[in-house]
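Text of model_29.txt, listed as compact mmCIF, C-alpha atoms:
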```
# COMPACT_ATOMS: atom_id res chain seq x y z
CA MET A 1 -17.11 -8.39 -7.05
CA ASN A 2 -15.81 -9.46 -10.39
CA GLU A 3 -14.06 -12.86 -10.00
CA LYS A 4 -11.30 -11.72 -12.35
CA THR A 5 -10.58 -8.73 -10.11
CA ALA A 6 -10.55 -10.88 -6.98
CA HIS A 7 -8.12 -13.31 -8.63
CA GLU A 8 -5.82 -10.53 -9.91
CA TYR A 9 -5.91 -8.78 -6.54
CA LYS A 10 -4.98 -11.95 -4.67
CA GLU A 11 -2.13 -12.63 -7.13
CA VAL A 12 -0.65 -9.17 -6.57
CA ILE A 13 -0.95 -9.49 -2.78
CA ALA A 14 0.61 -12.97 -2.86
CA GLY A 15 3.65 -11.50 -4.61
CA CYS A 16 3.83 -8.66 -2.08
CA LYS A 17 3.58 -11.09 0.83
CA LYS A 18 6.30 -13.31 -0.63
CA LEU A 19 8.66 -10.31 -0.84
CA PHE A 20 7.65 -9.17 2.66
CA ALA A 21 8.55 -12.64 4.02
CA LYS A 22 11.94 -12.58 2.25
CA LYS A 23 12.74 -9.08 3.49
CA THR A 24 11.69 -10.06 7.01
CA HIS A 25 14.18 -12.93 6.77
CA ASP A 26 16.94 -10.64 5.44
CA TYR A 27 16.36 -7.54 7.60
CA GLY A 28 14.28 -8.74 10.50
CA THR A 29 11.72 -6.21 11.67
CA ALA A 30 13.94 -3.15 11.76
CA TRP A 31 10.85 -1.20 10.63
CA ARG A 32 9.40 -1.63 14.12
CA VAL A 33 11.45 1.39 15.23
CA LEU A 34 9.59 3.61 12.74
CA ARG A 35 6.81 5.87 13.94
CA LEU A 36 3.76 6.12 11.68
CA PRO A 37 4.81 9.49 10.19
CA SER A 38 8.14 7.92 9.16
CA ILE A 39 6.32 5.06 7.45
CA THR A 40 4.08 7.60 5.72
CA ASP A 41 7.20 9.38 4.47
CA GLN A 42 8.61 6.08 3.14
CA ILE A 43 5.40 5.59 1.16
CA PHE A 44 5.60 9.19 -0.03
CA ILE A 45 9.14 8.67 -1.36
CA LYS A 46 7.99 5.68 -3.40
CA ALA A 47 4.90 7.43 -4.80
CA GLN A 48 6.90 10.57 -5.61
CA ARG A 49 9.47 8.50 -7.52
CA ILE A 50 6.71 6.87 -9.57
CA ARG A 51 5.22 10.25 -10.41
CA SER A 52 8.62 11.70 -11.28
CA ILE A 53 9.32 8.84 -13.70
CA GLN A 54 5.84 9.14 -15.19
CA GLU A 55 6.33 12.88 -15.78
CA LYS A 56 9.90 12.66 -17.09
CA GLY A 57 9.31 9.57 -19.18
CA THR A 58 12.77 8.28 -18.23
CA GLN A 59 14.55 6.99 -15.18
CA LYS A 60 18.18 6.78 -14.10
CA VAL A 61 17.78 4.10 -11.43
CA GLU A 62 16.65 0.89 -13.11
CA ASP A 63 14.31 -0.29 -10.33
CA ASP A 64 10.96 -0.96 -11.99
CA ILE A 65 8.05 1.25 -10.90
CA LYS A 66 6.11 -1.95 -10.18
CA ASP A 67 8.59 -2.53 -7.36
CA GLU A 68 7.67 0.89 -5.98
CA PHE A 69 3.97 -0.04 -6.02
CA VAL A 70 4.86 -3.25 -4.15
CA GLY A 71 6.74 -1.07 -1.66
CA ILE A 72 3.69 1.17 -1.24
CA ILE A 73 1.51 -1.86 -0.57
CA ASN A 74 3.90 -3.40 1.93
CA TYR A 75 4.66 -0.13 3.75
CA CYS A 76 0.92 0.55 4.07
CA LEU A 77 0.51 -2.92 5.52
CA ILE A 78 3.46 -2.28 7.85
CA ALA A 79 1.72 0.91 9.01
CA MET A 80 -1.46 -1.01 9.73
CA ILE A 81 0.52 -3.68 11.58
CA GLN A 82 2.26 -0.98 13.62
CA MET A 83 -1.16 0.46 14.51
CA ASN A 84 -2.17 -2.98 15.83
CA LEU A 85 1.04 -3.27 17.87
CA THR A 86 0.87 0.12 19.63
CA GLY A 87 1.10 -1.49 23.08
CA SER A 88 4.12 -3.60 22.20
CA ASP A 89 7.77 -2.56 22.53
CA LYS A 90 8.93 -5.76 20.86
CA THR A 91 11.22 -4.84 17.98
CA GLU A 92 12.16 -8.28 16.67
CA MET A 93 9.40 -10.49 15.37
CA ASP A 94 9.65 -13.45 13.07
CA PHE A 95 7.48 -13.91 10.02
CA LYS A 96 5.32 -16.53 11.75
CA GLU A 97 4.28 -13.86 14.28
CA LEU A 98 3.76 -11.24 11.58
CA GLU A 99 1.93 -13.36 9.04
CA PRO A 100 -1.45 -13.35 10.85
CA LEU A 101 -1.20 -9.56 11.29
CA TYR A 102 -0.29 -9.12 7.62
CA ASP A 103 -3.17 -11.39 6.56
CA LYS A 104 -5.65 -9.61 8.85
CA SER A 105 -4.73 -6.22 7.37
CA VAL A 106 -4.99 -7.62 3.83
CA LYS A 107 -8.40 -9.16 4.56
CA GLU A 108 -9.76 -5.90 6.01
CA THR A 109 -8.44 -4.01 2.98
CA PHE A 110 -9.82 -6.57 0.53
CA ASP A 111 -13.23 -6.42 2.24
CA LEU A 112 -13.21 -2.63 1.83
CA LEU A 113 -12.27 -3.08 -1.84
CA GLN A 114 -15.16 -5.46 -2.41
CA ASN A 115 -17.64 -2.93 -1.02
CA LYS A 116 -16.19 0.01 -2.92
CA ASN A 117 -15.76 -1.95 -6.13
CA HIS A 118 -19.43 -2.93 -5.95
CA ASP A 119 -20.53 0.69 -5.56
CA TYR A 120 -18.11 2.13 -8.12
CA ASP A 121 -18.55 -0.73 -10.59
CA GLU A 122 -14.86 -1.27 -11.33
CA ALA A 123 -14.35 2.36 -12.41
CA TRP A 124 -10.62 1.93 -11.70
CA ARG A 125 -10.31 -0.21 -14.83
CA ASP A 126 -10.95 2.92 -16.92
CA MET A 127 -8.53 5.08 -14.94
CA ARG A 128 -4.96 5.88 -15.88
CA VAL A 129 -2.09 4.60 -13.75
CA SER A 130 -0.85 8.21 -13.56
CA SER A 131 -4.20 9.33 -12.11
CA MET A 132 -4.10 6.57 -9.51
CA THR A 133 -0.54 7.62 -8.64
CA ASP A 134 -1.82 11.17 -8.08
CA ILE A 135 -4.62 9.85 -5.87
CA ILE A 136 -2.08 7.90 -3.80
CA LEU A 137 -0.04 11.10 -3.39
CA MET A 138 -3.19 13.03 -2.39
CA LYS A 139 -4.04 10.37 0.19
CA LEU A 140 -0.48 10.62 1.54
CA LEU A 141 -0.85 14.37 1.95
CA ARG A 142 -4.13 13.75 3.78
CA VAL A 143 -2.43 11.25 6.10
CA LYS A 144 0.40 13.70 6.77
CA GLN A 145 -2.14 16.39 7.70
CA ILE A 146 -4.02 14.00 9.99
CA GLU A 147 -0.71 13.00 11.60
CA ASP A 148 0.22 16.66 12.04
CA ASN A 149 -3.16 17.11 13.77
CA GLN A 150 -2.28 14.26 16.17
CA GLY A 151 -4.83 11.99 14.50
CA LYS A 152 -7.80 14.25 15.20
CA THR A 153 -10.29 14.69 12.36
CA LEU A 154 -13.57 16.60 12.24
CA ALA A 155 -15.27 15.02 9.25
CA SER A 156 -12.76 12.69 7.63
CA GLU A 157 -11.87 9.05 7.78
CA GLY A 158 -8.71 8.30 9.68
CA VAL A 159 -5.27 7.21 8.56
CA LYS A 160 -6.12 3.51 8.40
CA ALA A 161 -8.79 4.05 5.72
CA ASN A 162 -6.31 6.12 3.72
CA TYR A 163 -3.64 3.41 3.98
CA GLN A 164 -6.25 0.91 2.78
CA ASP A 165 -7.20 3.10 -0.17
CA MET A 166 -3.52 3.48 -1.10
CA ILE A 167 -3.07 -0.30 -0.99
CA ASN A 168 -6.06 -0.79 -3.24
CA TYR A 169 -4.97 1.86 -5.76
CA ALA A 170 -1.45 0.42 -5.81
CA VAL A 171 -2.88 -3.06 -6.45
CA PHE A 172 -4.99 -1.62 -9.28
CA CYS A 173 -1.87 -0.04 -10.77
CA MET A 174 -0.03 -3.37 -10.57
CA ILE A 175 -2.94 -5.10 -12.31
CA LYS A 176 -3.08 -2.47 -15.05
CA LEU A 177 0.71 -2.53 -15.54
CA SER A 178 0.68 -6.34 -15.71
CA ILE A 179 -2.02 -6.22 -18.38
CA VAL A 180 0.10 -3.77 -20.38
CA ASP A 181 3.15 -6.02 -19.95
CA GLY A 182 1.11 -9.00 -21.07
CA ARG A 183 1.42 -10.91 -17.80
```

Can you turn what I pasted into structure tokens?
Amino acid sequence: MNEKTAHEYKEVIAGCKKLFAKKTHDYGTAWRVLRLPSITDQIFIKAQRIRSIQEKGTQKVEDDIKDEFVGIINYCLIAMIQMNLTGSDKTEMDFKELEPLYDKSVKETFDLLQNKNHDYDEAWRDMRVSSMTDIILMKLLRVKQIEDNQGKTLASEGVKANYQDMINYAVFCMIKLSIVDGR
């Protein structure tokens, strides 16, 4: 993998993790009550807002779309953490308990990125942020269909792989938007 990509990826994830830690401090782990379809819908809301702003060219709520991509990344990671905690009824967890689960999900997702980025030769760098937003929305619709089918698939990857792809596309969008912003 391109060292520049690895560095940029890790920078984006570090920012997401920092916000996740702060929100865990502020809100606790209230998200533990959410079922996976509810988390999927939270991600959908964020992706739909990004697309709406992209299509309209204006926004009325001043929250930056980068914040929505961070939300997509963190909610996908929350979904993966929830999948790892299926046997646990524990609703309150501190960040020290969550951090290894967060890091494990990030590592698995980064490993997938490295393999895909090798095969696709950094094709994402030539893609538009709007196209990647559409792909995130498509992956969300796939996840919703898999969830509606009680997780059963005939020929498709499961929800985890789709969450991972959404994380990676959202990171790519953050990288591309940062380059445009000059950061």

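Comparing the minimum interatomic distances between Thr5 in chain A and each of A:Gln114, A:Gln54, A:Asn162, A:Asn74, counting all atoms listed in the file, we find that A:Gln114 sits nearest.
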
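From CA of Arg128 in chain A back to CA of Ala47 in chain A, the distance works out to 14.9 Å.
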
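Across A:Ile175, A:Val129, A:Ile13, A:Leu154, the tightest approach to Ile50 in chain A is made by A:Val129 when counting all atoms listed in the file.
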
Exercise for the section: For Lys90 in chain A, please output as a PyMOL selection string all residues within 12 Å (counting only C-alpha atoms; exclusion window: fewer than 6 positions along the same chain). Expected result: chain A and resi 29-33+82+97-98

Handout entry: Counting all atoms listed in the file, the option among A:Leu19, A:Leu77, A:Cys173, A:Leu101 closest to Ala161 in chain A
Key = A:Leu77

Handout entry: Selected residue of minimal separation from Gln145 in chain A among A:Pro37, A:Asp103, A:Asp121, A:Ser88, counting all atoms listed in the file
Key = A:Pro37

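Interatomic distance, CA of Lys152 in chain A to CA of Met83 in chain A: 15.3 Å.
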
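Using all atoms listed in the file for every distance, the candidate list A:Lys23, A:Lys144, A:Lys107, A:Lys176 yields A:Lys144 as the residue closest to Ser38 in chain A.
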
Practice task
Do a neighbour search on Glu68 in chain A at 10 Å with all atoms listed in the file, toss out local chain neighbours closer than 6 positions, and write the hits as a PyMOL selection string.
Solution key: chain A and resi 43+45-50+74+170+174
